[in-house]
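Content type CSV, C-alpha atoms, from the file my_file_7.csv:
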chain,number,residue,atom,x,y,z
A,160,MET,CA,0.0,0.0,0.0
A,161,SER,CA,1.3,3.4,-1.0
A,162,LYS,CA,1.4,6.0,1.8
A,163,PHE,CA,-0.6,8.3,-0.5
A,164,ASP,CA,-3.5,5.9,-0.8
A,165,PRO,CA,-5.7,7.6,1.8
A,166,ILE,CA,-5.7,10.9,-0.1
A,167,ARG,CA,-4.9,10.2,-3.8
A,168,PRO,CA,-7.3,10.0,-6.8
A,169,PHE,CA,-7.6,6.7,-8.7
A,170,TYR,CA,-4.8,5.4,-10.8
A,171,ASP,CA,-5.8,4.8,-14.4
A,172,ALA,CA,-5.8,1.1,-13.7
A,173,GLU,CA,-8.5,1.6,-11.1
A,174,ILE,CA,-10.7,3.9,-13.2
A,175,ASN,CA,-12.9,1.3,-14.9
A,176,GLU,CA,-13.7,-0.4,-11.6
A,177,GLY,CA,-14.7,2.9,-10.1
A,178,ILE,CA,-16.9,3.6,-13.1
A,179,GLN,CA,-18.5,0.2,-12.9
A,180,SER,CA,-19.4,0.8,-9.2
A,181,THR,CA,-21.2,4.0,-10.0
A,182,VAL,CA,-22.6,3.6,-13.6
A,183,ASN,CA,-26.1,2.6,-12.2
A,184,HIS,CA,-26.1,5.1,-9.4
A,185,PRO,CA,-29.1,7.6,-9.6
A,186,MET,CA,-26.7,10.6,-9.2
A,187,MET,CA,-24.6,9.4,-12.1
A,188,LYS,CA,-27.8,9.1,-14.1
A,189,ALA,CA,-28.8,12.6,-13.1
A,190,LEU,CA,-25.3,14.0,-14.1
A,191,MET,CA,-25.4,12.2,-17.5
A,192,ASN,CA,-29.0,13.1,-18.3
A,193,PHE,CA,-28.1,16.8,-17.5
A,194,THR,CA,-25.0,16.6,-19.7
A,195,PHE,CA,-26.4,14.6,-22.6
A,196,PRO,CA,-30.2,15.3,-22.4
A,197,ASP,CA,-30.9,13.7,-25.9
A,198,VAL,CA,-28.9,10.6,-25.4
A,199,ASP,CA,-30.4,7.3,-24.4
A,200,ASP,CA,-29.1,6.0,-21.0
A,201,GLU,CA,-27.7,2.8,-22.5
A,202,VAL,CA,-25.5,4.8,-24.9
A,203,TRP,CA,-23.7,6.8,-22.2
A,204,LYS,CA,-23.5,3.8,-19.9
A,205,GLU,CA,-21.8,1.8,-22.7
A,206,GLN,CA,-19.3,4.7,-23.3
A,207,LEU,CA,-18.6,4.9,-19.5
A,208,ARG,CA,-18.0,1.2,-19.3
A,209,LYS,CA,-15.3,1.6,-22.1
A,210,THR,CA,-13.5,4.3,-20.1
A,211,HIS,CA,-10.1,3.3,-18.7
A,212,SER,CA,-8.3,6.6,-17.9
A,213,ILE,CA,-8.9,9.8,-15.9
A,214,ARG,CA,-8.2,11.8,-19.0
A,215,ASP,CA,-10.8,10.0,-21.0
A,216,PHE,CA,-13.4,10.4,-18.2
A,217,GLN,CA,-12.6,14.1,-17.9
A,218,CYS,CA,-12.5,14.9,-21.7
A,219,ASN,CA,-15.5,12.7,-22.8
A,220,PHE,CA,-17.8,13.4,-19.8
A,221,ILE,CA,-16.8,16.0,-17.3
A,222,TYR,CA,-15.7,18.6,-19.9
A,223,HIS,CA,-19.2,18.3,-21.5
A,224,SER,CA,-20.9,18.6,-18.1
A,225,VAL,CA,-19.0,21.9,-17.5
A,226,GLN,CA,-20.0,23.2,-20.9
A,227,LYS,CA,-23.6,22.4,-20.1
A,228,VAL,CA,-23.4,24.2,-16.7
A,229,LEU,CA,-22.1,27.3,-18.5
A,230,GLU,CA,-24.8,27.1,-21.2
A,231,LYS,CA,-27.6,26.7,-18.6
A,232,SER,CA,-26.5,28.9,-15.7
A,233,SER,CA,-24.2,31.6,-17.1
A,234,GLU,CA,-23.8,34.1,-19.9
A,235,GLY,CA,-20.4,32.9,-20.8
A,236,LEU,CA,-16.8,32.3,-19.5
A,237,THR,CA,-14.0,34.6,-20.6
A,238,THR,CA,-10.3,34.1,-19.8
A,239,SER,CA,-7.0,35.8,-19.9
A,240,GLY,CA,-3.3,34.9,-19.3
A,241,PHE,CA,-3.5,31.2,-20.5
A,242,GLU,CA,-1.4,32.0,-23.6
A,243,GLN,CA,1.6,32.7,-21.3
A,244,LEU,CA,1.7,29.1,-20.0
A,245,GLU,CA,3.8,26.4,-21.7
A,246,LYS,CA,2.5,23.1,-23.0
A,247,ASN,CA,3.6,19.9,-21.3
A,248,THR,CA,4.6,21.9,-18.2
A,249,SER,CA,3.2,21.4,-14.7
A,250,TYR,CA,2.2,24.4,-12.6
A,251,LEU,CA,1.0,25.0,-9.0
A,252,PHE,CA,-2.2,27.1,-9.5
A,253,ILE,CA,-2.9,28.9,-6.2
A,254,SER,CA,-6.4,30.3,-6.6
A,255,ASN,CA,-9.0,32.5,-4.9
A,256,HIS,CA,-12.0,30.2,-4.0
A,257,ARG,CA,-15.6,31.0,-4.6
A,258,ASP,CA,-17.3,27.8,-5.6
A,259,ILE,CA,-16.7,24.2,-4.3
A,260,ILE,CA,-16.7,22.4,-7.6
A,261,LEU,CA,-16.8,25.0,-10.3
A,262,ASP,CA,-13.6,26.9,-9.6
A,263,THR,CA,-11.4,24.0,-10.4
A,264,SER,CA,-13.7,22.4,-13.1
A,265,LEU,CA,-13.7,25.7,-15.1
A,266,LEU,CA,-10.0,26.1,-14.8
A,267,ASN,CA,-9.5,22.5,-16.1
A,268,ALA,CA,-11.9,23.1,-19.0
A,269,CYS,CA,-9.8,26.2,-19.9
A,270,LEU,CA,-6.5,24.3,-19.6
A,271,PHE,CA,-7.9,21.6,-21.9
A,272,ASP,CA,-9.1,24.2,-24.4
A,273,HIS,CA,-5.5,25.7,-24.5
A,274,GLY,CA,-3.8,22.3,-24.8
A,275,LEU,CA,-2.2,22.6,-21.3
A,276,VAL,CA,-1.6,20.1,-18.5
A,277,MET,CA,-4.8,19.7,-16.4
A,278,THR,CA,-4.7,19.7,-12.7
A,279,ALA,CA,-5.0,17.3,-9.8
A,280,SER,CA,-7.2,19.4,-7.4
A,281,ALA,CA,-7.4,19.6,-3.6
A,282,ILE,CA,-10.8,19.0,-2.1
A,283,GLY,CA,-11.8,18.9,1.6
A,284,ASP,CA,-12.8,15.4,2.7
A,285,ASN,CA,-15.8,16.9,4.4
A,286,LEU,CA,-17.3,17.5,1.0
A,287,VAL,CA,-17.1,13.9,-0.2
A,288,LYS,CA,-18.7,12.1,2.7
A,289,LYS,CA,-21.2,10.4,0.4
A,290,ALA,CA,-19.7,7.3,-1.2
A,291,PHE,CA,-20.7,8.4,-4.7
A,292,LEU,CA,-19.2,11.8,-4.4
A,293,LEU,CA,-15.9,10.3,-3.1
A,294,THR,CA,-15.8,8.0,-6.1
A,295,LEU,CA,-16.6,10.8,-8.5
A,296,SER,CA,-13.9,13.0,-7.0
A,297,LYS,CA,-11.3,10.2,-7.4
A,298,LEU,CA,-12.4,9.7,-11.0
A,299,ASN,CA,-12.0,13.4,-11.6
A,300,ARG,CA,-8.4,13.6,-10.2
A,301,ASN,CA,-9.2,15.2,-6.8
A,302,PHE,CA,-7.0,14.5,-3.8
A,303,LEU,CA,-8.2,14.8,-0.3
A,304,VAL,CA,-7.4,17.5,2.3
A,305,GLN,CA,-8.3,16.0,5.6
A,306,ARG,CA,-10.3,18.2,7.9
A,307,GLY,CA,-11.2,18.3,11.6
A,308,LEU,CA,-7.9,16.8,12.9
A,309,SER,CA,-6.1,17.2,16.2
A,310,PRO,CA,-2.9,19.4,16.0
A,311,ARG,CA,-0.7,16.2,15.9
A,312,GLU,CA,-2.8,14.6,13.2
A,313,LEU,CA,-2.8,17.9,11.3
A,314,LEU,CA,1.0,18.0,11.2
A,315,GLN,CA,1.2,14.4,9.8
A,316,SER,CA,-1.6,15.1,7.3
A,317,SER,CA,0.1,18.3,6.2
A,318,LYS,CA,3.4,16.6,5.6
A,319,LEU,CA,1.7,13.8,3.6
A,320,LEU,CA,-0.2,16.4,1.5
A,321,SER,CA,2.9,18.5,0.9
A,322,GLU,CA,4.9,15.4,-0.2
A,323,TYR,CA,2.1,14.3,-2.5
A,324,ILE,CA,1.8,17.7,-4.1
A,325,GLY,CA,5.6,17.8,-4.6
A,326,GLN,CA,5.5,14.4,-6.2
A,327,LEU,CA,2.7,15.4,-8.6
A,328,LEU,CA,4.5,18.6,-9.7
A,329,LEU,CA,8.1,17.4,-9.9
A,330,ARG,CA,7.9,13.7,-10.7
A,331,GLU,CA,4.6,13.2,-12.5
A,332,ASN,CA,4.6,16.5,-14.4
A,333,ARG,CA,1.0,17.0,-13.2
A,334,SER,CA,-0.3,20.5,-12.5
A,335,VAL,CA,-2.0,21.1,-9.1
A,336,TRP,CA,-4.9,23.4,-8.1
A,337,ILE,CA,-5.1,24.5,-4.5
A,338,ALA,CA,-7.2,27.3,-2.9
A,339,GLN,CA,-5.3,30.2,-1.3
A,340,ARG,CA,-6.9,29.4,2.1
A,341,GLU,CA,-9.0,26.7,3.7
A,342,GLY,CA,-12.6,26.9,2.6
A,343,ARG,CA,-14.3,29.4,0.2
A,344,THR,CA,-14.1,33.1,0.7
A,345,LYS,CA,-17.4,34.1,2.2
A,346,ASP,CA,-17.0,37.9,2.4
A,347,GLY,CA,-15.3,38.7,-1.0
A,348,ASN,CA,-12.0,39.4,0.7
A,349,ASP,CA,-9.5,37.1,-1.0
A,350,ALA,CA,-6.4,36.6,1.0
A,351,THR,CA,-3.7,33.9,0.9
A,352,HIS,CA,-3.3,32.1,4.2
A,353,PRO,CA,0.4,31.6,5.1
A,354,GLY,CA,-0.5,28.2,6.5
A,355,VAL,CA,-1.2,26.9,3.0
A,356,LEU,CA,2.3,28.0,1.9
A,357,LYS,CA,3.9,26.5,5.0
A,358,MET,CA,2.2,23.2,4.2
A,359,LEU,CA,3.5,23.3,0.6
A,360,ALA,CA,7.0,24.1,1.9
A,361,MET,CA,7.2,21.0,4.1
A,362,ALA,CA,8.3,18.9,1.1
A,363,SER,CA,11.2,21.2,0.4
A,364,GLU,CA,14.7,19.9,0.6
A,365,GLU,CA,16.2,23.2,-0.5
A,366,THR,CA,18.5,25.2,1.7
A,367,ASN,CA,16.6,28.3,0.7
A,368,LEU,CA,12.8,27.8,0.8
A,369,MET,CA,12.3,30.2,-2.1
A,370,ASP,CA,14.3,27.9,-4.4
A,371,TYR,CA,11.6,25.2,-3.9
A,372,PHE,CA,8.8,27.7,-4.7
A,373,LYS,CA,10.6,28.6,-7.9
A,374,LYS,CA,11.0,25.0,-8.8
A,375,ILE,CA,7.2,24.2,-8.4
A,376,LYS,CA,6.2,27.2,-10.7
A,377,VAL,CA,3.6,29.1,-8.7
A,378,VAL,CA,0.8,30.6,-10.8
A,379,PRO,CA,-1.8,32.8,-9.0
A,380,VAL,CA,-5.3,32.4,-10.4
A,381,SER,CA,-8.2,34.9,-10.1
A,382,ILE,CA,-11.7,33.8,-10.7
A,383,SER,CA,-14.8,36.1,-10.5
A,384,TYR,CA,-18.5,35.4,-10.9
A,385,GLU,CA,-20.9,38.3,-11.7
A,386,TYR,CA,-23.4,36.6,-9.5
A,387,ASP,CA,-22.3,34.2,-6.8
A,388,PRO,CA,-25.0,31.5,-6.9
A,389,THR,CA,-24.3,30.6,-3.2
A,390,ASP,CA,-24.3,34.2,-1.9
A,391,ALA,CA,-27.4,33.9,0.3
A,392,LEU,CA,-26.2,30.5,1.6
A,393,LYS,CA,-23.0,32.2,2.9
A,394,MET,CA,-25.1,34.6,5.1
A,395,PRO,CA,-25.8,32.4,8.2
A,396,GLN,CA,-22.0,31.8,8.7
A,397,LEU,CA,-21.2,35.5,8.2
A,398,MET,CA,-24.0,36.4,10.7
A,399,ALA,CA,-22.7,34.0,13.3
A,400,GLU,CA,-19.2,35.4,12.9
A,401,ALA,CA,-20.6,39.0,13.3
A,402,ASN,CA,-22.2,37.9,16.6
A,403,ASN,CA,-19.1,36.1,17.8
A,404,GLU,CA,-21.0,32.8,17.7
A,405,ILE,CA,-19.6,29.4,16.6
A,406,TYR,CA,-21.2,28.4,13.4
A,407,ILE,CA,-22.4,24.8,13.1
A,408,LYS,CA,-23.3,23.5,9.6
A,409,GLU,CA,-26.6,21.8,8.9
A,410,LYS,CA,-26.3,18.1,8.1
A,411,ASN,CA,-26.5,18.4,4.3
A,412,GLU,CA,-25.3,22.0,4.0
A,413,ASP,CA,-22.1,21.3,2.0
A,414,PHE,CA,-24.0,19.1,-0.5
A,415,MET,CA,-26.7,21.7,-1.0
A,416,THR,CA,-24.1,24.4,-1.5
A,417,LEU,CA,-22.3,22.3,-4.0
A,418,LEU,CA,-25.5,21.8,-6.0
A,419,SER,CA,-26.5,25.4,-5.8
A,420,GLY,CA,-23.1,26.5,-7.1
A,421,ILE,CA,-23.5,24.3,-10.1
A,422,ILE,CA,-27.1,25.1,-11.1
A,423,GLY,CA,-27.5,28.6,-9.7
A,424,GLN,CA,-27.3,31.6,-12.1
A,425,LYS,CA,-23.8,33.1,-12.4
A,426,LYS,CA,-24.2,35.5,-15.4
A,427,HIS,CA,-20.6,36.3,-16.5
A,428,ILE,CA,-17.5,34.4,-15.3
A,429,HIS,CA,-13.8,35.3,-15.8
A,430,ILE,CA,-10.7,33.4,-15.1
A,431,HIS,CA,-7.3,35.1,-15.2
A,432,VAL,CA,-4.1,33.2,-14.7
A,433,GLY,CA,-1.1,35.3,-13.7
A,434,LYS,CA,2.5,34.9,-14.7
A,435,VAL,CA,4.7,32.3,-13.1
A,436,LEU,CA,6.2,33.9,-9.9
A,437,ASP,CA,9.8,34.0,-10.8
A,438,THR,CA,11.6,37.3,-10.4
A,439,GLU,CA,9.2,38.1,-7.5
A,440,ILE,CA,10.5,35.0,-5.7
A,441,ASP,CA,14.1,36.0,-6.4
A,442,THR,CA,13.4,39.4,-4.8
A,443,ILE,CA,11.9,37.8,-1.7
A,444,ALA,CA,14.9,35.5,-1.4
A,445,SER,CA,17.3,38.5,-1.6
A,446,GLU,CA,15.3,40.7,0.8
A,447,HIS,CA,14.5,38.1,3.5
A,448,GLU,CA,16.6,35.4,5.1
A,449,ASN,CA,14.0,34.4,7.7
A,450,ALA,CA,11.7,31.6,6.4
A,451,ASN,CA,8.5,33.0,8.1
A,452,LYS,CA,9.2,36.5,6.5
A,453,GLN,CA,9.7,34.8,3.1
A,454,ILE,CA,6.3,33.0,3.5
A,455,GLN,CA,4.5,36.3,4.5
A,456,ALA,CA,6.1,38.1,1.5
A,457,LEU,CA,5.1,35.3,-0.9
A,458,ALA,CA,1.5,35.4,0.4
A,459,GLN,CA,1.5,39.1,-0.3
A,460,VAL,CA,2.8,38.7,-3.8
A,461,ILE,CA,0.1,36.1,-4.6
A,462,ASP,CA,-2.5,38.4,-3.1
A,463,ASP,CA,-1.2,41.3,-5.3
A,464,SER,CA,-1.5,39.2,-8.4
A,465,ILE,CA,-5.0,37.8,-7.6
A,466,LEU,CA,-6.5,41.1,-6.4
A,467,SER,CA,-5.0,43.3,-9.1
A,468,SER,CA,-6.2,41.0,-11.9
A,469,TYR,CA,-9.6,40.3,-10.5
A,470,LYS,CA,-12.3,41.0,-13.1
A,471,LEU,CA,-15.0,43.4,-11.7
A,472,TRP,CA,-18.6,43.1,-12.8
A,473,PRO,CA,-21.5,45.6,-12.7
A,474,THR,CA,-22.7,43.8,-9.5
A,475,ASN,CA,-19.5,44.7,-7.7
A,476,TYR,CA,-19.8,48.3,-8.5
A,477,ILE,CA,-23.5,48.4,-7.7
A,478,ALA,CA,-22.9,46.9,-4.3
A,479,TYR,CA,-20.1,49.3,-3.6
A,480,ASP,CA,-22.2,52.3,-4.4
A,481,ILE,CA,-25.2,51.1,-2.4
A,482,LEU,CA,-23.0,50.1,0.6
A,483,ASN,CA,-21.2,53.5,0.6
A,484,ASN,CA,-24.3,55.5,-0.4
A,485,THR,CA,-22.5,57.0,-3.4
A,486,SER,CA,-22.7,57.0,-7.2
A,487,THR,CA,-18.9,56.8,-7.7
A,488,PHE,CA,-19.2,54.0,-10.2
A,489,SER,CA,-22.6,54.7,-11.8
A,490,ASP,CA,-20.9,54.7,-15.2
A,491,LYS,CA,-20.0,51.1,-14.7
A,492,TYR,CA,-23.6,49.8,-14.7
A,493,THR,CA,-27.1,50.4,-16.2
A,494,GLU,CA,-30.3,51.2,-14.3
A,495,SER,CA,-31.7,47.8,-15.3
A,496,GLU,CA,-28.6,46.0,-13.9
A,497,LYS,CA,-29.0,47.9,-10.7
A,498,SER,CA,-32.7,47.0,-10.5
A,499,LEU,CA,-31.9,43.3,-11.1
A,500,PHE,CA,-29.3,43.4,-8.3
A,501,GLU,CA,-31.8,45.2,-5.9
A,502,ARG,CA,-34.4,42.6,-6.8
A,503,ARG,CA,-31.9,39.8,-5.8
A,504,LEU,CA,-31.4,41.6,-2.5
A,505,GLU,CA,-35.1,41.6,-1.9
A,506,MET,CA,-35.5,37.9,-2.7
A,507,LYS,CA,-32.4,36.6,-1.0
A,508,ILE,CA,-32.1,38.3,2.3
A,509,ASN,CA,-33.9,40.1,5.2
A,510,GLN,CA,-33.1,43.7,4.4
A,511,THR,CA,-34.4,44.9,7.8
A,512,ASN,CA,-31.5,43.1,9.4
A,513,ALA,CA,-28.6,45.6,9.0
A,514,VAL,CA,-25.9,43.1,9.6
A,515,GLU,CA,-27.2,40.7,7.0
A,516,LEU,CA,-27.7,43.5,4.5
A,517,GLN,CA,-24.2,44.8,5.0
A,518,GLY,CA,-22.7,41.3,4.9
A,519,PHE,CA,-24.4,40.6,1.5
A,520,LEU,CA,-23.4,43.9,0.0
A,521,ALA,CA,-19.8,43.7,1.3
A,522,MET,CA,-19.5,40.2,-0.3
A,523,TYR,CA,-19.9,41.9,-3.7
A,524,ALA,CA,-18.3,45.3,-2.8
A,525,ASN,CA,-15.1,44.1,-1.2
A,526,PRO,CA,-13.4,43.2,-4.5
A,527,VAL,CA,-13.9,46.8,-5.6
A,528,SER,CA,-12.3,48.1,-2.4
A,529,ASN,CA,-9.4,45.7,-2.8
A,530,LYS,CA,-8.9,46.7,-6.4
A,531,LEU,CA,-8.8,50.3,-5.4
A,532,LYS,CA,-5.6,49.6,-3.5
A,533,TYR,CA,-3.9,48.7,-6.8
A,534,HIS,CA,-5.6,51.0,-9.2
A,535,ASN,CA,-6.8,54.3,-7.8
A,536,ALA,CA,-8.8,55.0,-10.9
A,537,ILE,CA,-10.6,51.7,-11.8
Could you take the file, read its structure, and then write that structure out as structure tokens?
Amino acid sequence: MSKFDPIRPFYDAEINEGIQSTVNHPMMKALMNFTFPDVDDEVWKEQLRKTHSIRDFQCNFIYHSVQKVLEKSSEGLTTSGFEQLEKNTSYLFISNHRDIILDTSLLNACLFDHGLVMTASAIGDNLVKKAFLLTLSKLNRNFLVQRGLSPRELLQSSKLLSEYIGQLLLRENRSVWIAQREGRTKDGNDATHPGVLKMLAMASEETNLMDYFKKIKVVPVSISYEYDPTDALKMPQLMAEANNEIYIKEKNEDFMTLLSGIIGQKKHIHIHVGKVLDTEIDTIASEHENANKQIQALAQVIDDSILSSYKLWPTNYIAYDILNNTSTFSDKYTESEKSLFERRLEMKINQTNAVELQGFLAMYANPVSNKLKYHNAI
């Protein structure tokens, strides 16, 4: 047994067995009927049974599922920066995180479209408690981040995760996607948690930590949705935090959020991939000898890339203006776009609750505030 077995996706030799175990599952039927609405069940089942690699499963099935999600629940996906990446090259994509499944699925669809190496992607084991979801995640090249561990277990788990990510990037030439922090950003303030970088650094055998980060080719990724389909679902947690209460999730909350993210309306979506952090890492290495300071500086560089390249939508400007009682950005949206956003406010939240109203608006407005730090005139 390999030490990575508890967290790794399927090997290609295991794919067909994984498919055979789920081909008749009602959730597989729902996924395939959504993806191929005019195809008889026996046709896609036959195709699935002939599938023997992750790449075939992703390209022949999941890629089409993602295209159908875009067609049904968005007004299109745009991209920038992909042309700077090299083919047959693995990268560590460190991304802001808005949606459980879509962030990484959309990135992989874009990588496929550009003929680039697709990713193995980190997913919290709390999200794949159901047997079918665990199998599907392993078919789709997800590796598990173990949650809810004691400090001692967390250290062991982090070492294993770091070593596995290093193996993927440096030995298997496989790109990796990981969020810049644990869990999705609930308040629109994207920030890289130094703990994520410290975990990645555990696998380093370099004298200078920054040499390792250069070797694994860090690429910051910025993803933005015009409408966050899970915006209202994030409110209870934000409310609890505002009241200094411990937030306890409902039994099926993660699963419902996962579904809402996929089928809910997103309007426009944009993904920007930054340049490989290279000269920036050299600068950090020359300016800081202390490893902790290097990690802090690297987190800041990643933030600078993600926030400055974040694509703002009319919804962001509208929320900023409403929240600040101003018309600073009124040239960035139409009256009908504003009415649509206000209608969403009415439908989704209790506007008489000032904390809830502010939290919802801030979720959309904070990216504008963050961008202003980099571009005074947006």
Checklist entry - Looking at all atoms listed in the file, which of A:Asp346, A:Asp387, A:Glu234, A:Asp480 is the one that sits closest to Asp262 of chain A? => result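 Of A:Asp346, A:Asp387, A:Glu234, A:Asp480, the one nearest Asp262 of chain A is A:Asp387, counting all atoms listed in the file.
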Within 6 Å of segment 163-173 of chain A, which residues of segment 275-371 of chain A show up? Give each one with its shortest atom-to-atom distance in Å (one decimal) and the two atoms involved, counting all atoms listed in the file, rows by chain then rising residue number, as JSON lines.
{"residue": "A:Lys297", "atom": "CA", "partner": "A:Pro168", "partner_atom": "CA", "distance": 4.0}
{"residue": "A:Arg300", "atom": "CA", "partner": "A:Pro168", "partner_atom": "CA", "distance": 5.1}
{"residue": "A:Asn301", "atom": "CA", "partner": "A:Pro168", "partner_atom": "CA", "distance": 5.5}
{"residue": "A:Phe302", "atom": "CA", "partner": "A:Arg167", "partner_atom": "CA", "distance": 4.8}
{"residue": "A:Leu303", "atom": "CA", "partner": "A:Ile166", "partner_atom": "CA", "distance": 4.6}
Can you check which parts of segment 392-480 of chain A lie within 9 Å of segment 485-491 of chain A? Per residue, the shortest pair of atoms and distance in Å to one decimal, counting only C-alpha atoms, sorted by chain and number, as a Markdown table.
| residue | atom | partner | partner_atom | distance |
| --- | --- | --- | --- | --- |
| A:Trp472 | CA | A:Lys491 | CA | 8.3 |
| A:Pro473 | CA | A:Lys491 | CA | 6.0 |
| A:Tyr476 | CA | A:Phe488 | CA | 6.0 |
| A:Ile477 | CA | A:Phe488 | CA | 7.5 |
| A:Tyr479 | CA | A:Thr485 | CA | 8.1 |
| A:Asp480 | CA | A:Thr485 | CA | 4.8 |
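The coordinates place atom CA of Lys246 of chain A at 19.7 Å from atom CA of Ile324 of chain A.
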Checklist entry - Using all atoms listed in the file, what residues lie at most 6 Å away from (-26.5, 8.4, -18.0) (file coordinates), given as a ChimeraX atom specification? => result /A:188,191-192,200,203-204
Prev. selection, C-alpha atoms, output as a compact mmCIF listing (two decimals), in the coordinates of the input:
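Output file again-v9.txt is given in full below:
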# COMPACT_ATOMS: atom_id res chain seq x y z
CA LYS A 188 -27.80 9.10 -14.10
CA MET A 191 -25.40 12.20 -17.50
CA ASN A 192 -29.00 13.10 -18.30
CA ASP A 200 -29.10 6.00 -21.00
CA TRP A 203 -23.70 6.80 -22.20
CA LYS A 204 -23.50 3.80 -19.90
Checklist outcome for this item: Using all atoms listed in the file, the residue out of A:Ser334, A:Ser309, A:Asn299, A:Asn525 with shortest distance to Thr278 of chain A is A:Ser334
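Nearest residue to Val182 of chain A among A:Phe195, A:Lys209, A:Tyr469, A:Val460 is A:Lys209, counting all atoms listed in the file.
Atom to atom, atom CA of Val527 of chain A and atom CA of Lys470 of chain A stand 9.6 Å apart.
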Checklist entry - Which is closer to Gly433 of chain A than all the others in A:Leu313, A:Ala458, A:Ala279, A:Ile253, using all atoms listed in the file? => result A:Ile253
Item to check | Top pick for closest residue to Ile537 of chain A, considering A:Ser249, A:Asn484, A:Ser468, A:Ser498 and counting all atoms listed in the file | outcome: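 Result for the nearest residue to Ile537 of chain A: A:Ser468.
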Item to check | Residue contacts of Ile221 of chain A (10 Å, only C-alpha atoms) excluding same-chain residues fewer than 6 positions away, as a list in words | outcome: Leu190, Met191, Thr194, Arg214, Asp215, Lys227, Ser264, Asn267, Ala268, Leu298 and Asn299 of chain A
Next on the checklist: So that I can see what lies close to Thr438 of chain A, please list as an MDAnalysis selection string the residues with an atom at most 12 Å from it, counting only C-alpha atoms and leaving out residues fewer than 5 positions away in the same chain.
Outcome noted: chainID A and resid 369:370 372:373 376:377 443:445 457 460
Take the residues just selected and output them with C-alpha atoms as a PDB file, keeping the file's coordinate frame.
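To be explicit, this is the file written out as result.pdb:
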ATOM      1  CA  MET A 369      12.300  30.200  -2.100  1.00  0.00           C
ATOM      2  CA  ASP A 370      14.300  27.900  -4.400  1.00  0.00           C
ATOM      3  CA  PHE A 372       8.800  27.700  -4.700  1.00  0.00           C
ATOM      4  CA  LYS A 373      10.600  28.600  -7.900  1.00  0.00           C
ATOM      5  CA  LYS A 376       6.200  27.200 -10.700  1.00  0.00           C
ATOM      6  CA  VAL A 377       3.600  29.100  -8.700  1.00  0.00           C
ATOM      7  CA  ILE A 443      11.900  37.800  -1.700  1.00  0.00           C
ATOM      8  CA  ALA A 444      14.900  35.500  -1.400  1.00  0.00           C
ATOM      9  CA  SER A 445      17.300  38.500  -1.600  1.00  0.00           C
ATOM     10  CA  LEU A 457       5.100  35.300  -0.900  1.00  0.00           C
ATOM     11  CA  VAL A 460       2.800  38.700  -3.800  1.00  0.00           C
TER      12      VAL A 460
END
Checklist entry - Do you have the atom CA of Gly240 of chain A-atom CA of Val276 of chain A distance handy? => result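 Pair atom CA of Gly240 of chain A / atom CA of Val276 of chain A returns 14.9 Å.
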Next on the checklist: Please list as a PyMOL selection string every residue within 12 Å of Gly354 of chain A, counting only C-alpha atoms and excluding residues in the same chain fewer than 5 positions away.
Outcome noted: chain A and resi 313-314+317+321+338-341+359-361+451+454-455+457-458
Item to check | Contacts of segment 281-285 of chain A at 7 Å (all atoms listed in the file; same-chain gap of 2+ positions) as a VMD selection string | outcome: chain A and resid 287 to 288 301 to 306 336 to 337
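Closest to Ile382 of chain A among A:Ile421, A:Leu236, A:Ala513, A:Met398 is A:Leu236, based on only C-alpha atoms.
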Report as AutoDock Vina command-line options the centre and the edge lengths, in Å to one decimal, of the axis-aligned box holding every listed atom of segment 434-447 of chain A, padded by 5 Å on each side.
--center_x 9.9 --center_y 36.5 --center_z -5.6 --size_x 24.8 --size_y 18.4 --size_z 28.2
Leaving out Tyr533 of chain A and any residue of its chain fewer than 6 positions from it, which residues lie within 10 Å of it when counting only C-alpha atoms, given as a PDB file with C-alpha atoms, in the frame of the given file?
ATOM      1  CA  ASP A 463      -1.200  41.300  -5.300  1.00  0.00           C
ATOM      2  CA  SER A 464      -1.500  39.200  -8.400  1.00  0.00           C
ATOM      3  CA  LEU A 466      -6.500  41.100  -6.400  1.00  0.00           C
ATOM      4  CA  SER A 467      -5.000  43.300  -9.100  1.00  0.00           C
ATOM      5  CA  SER A 468      -6.200  41.000 -11.900  1.00  0.00           C
TER       6      SER A 468
END
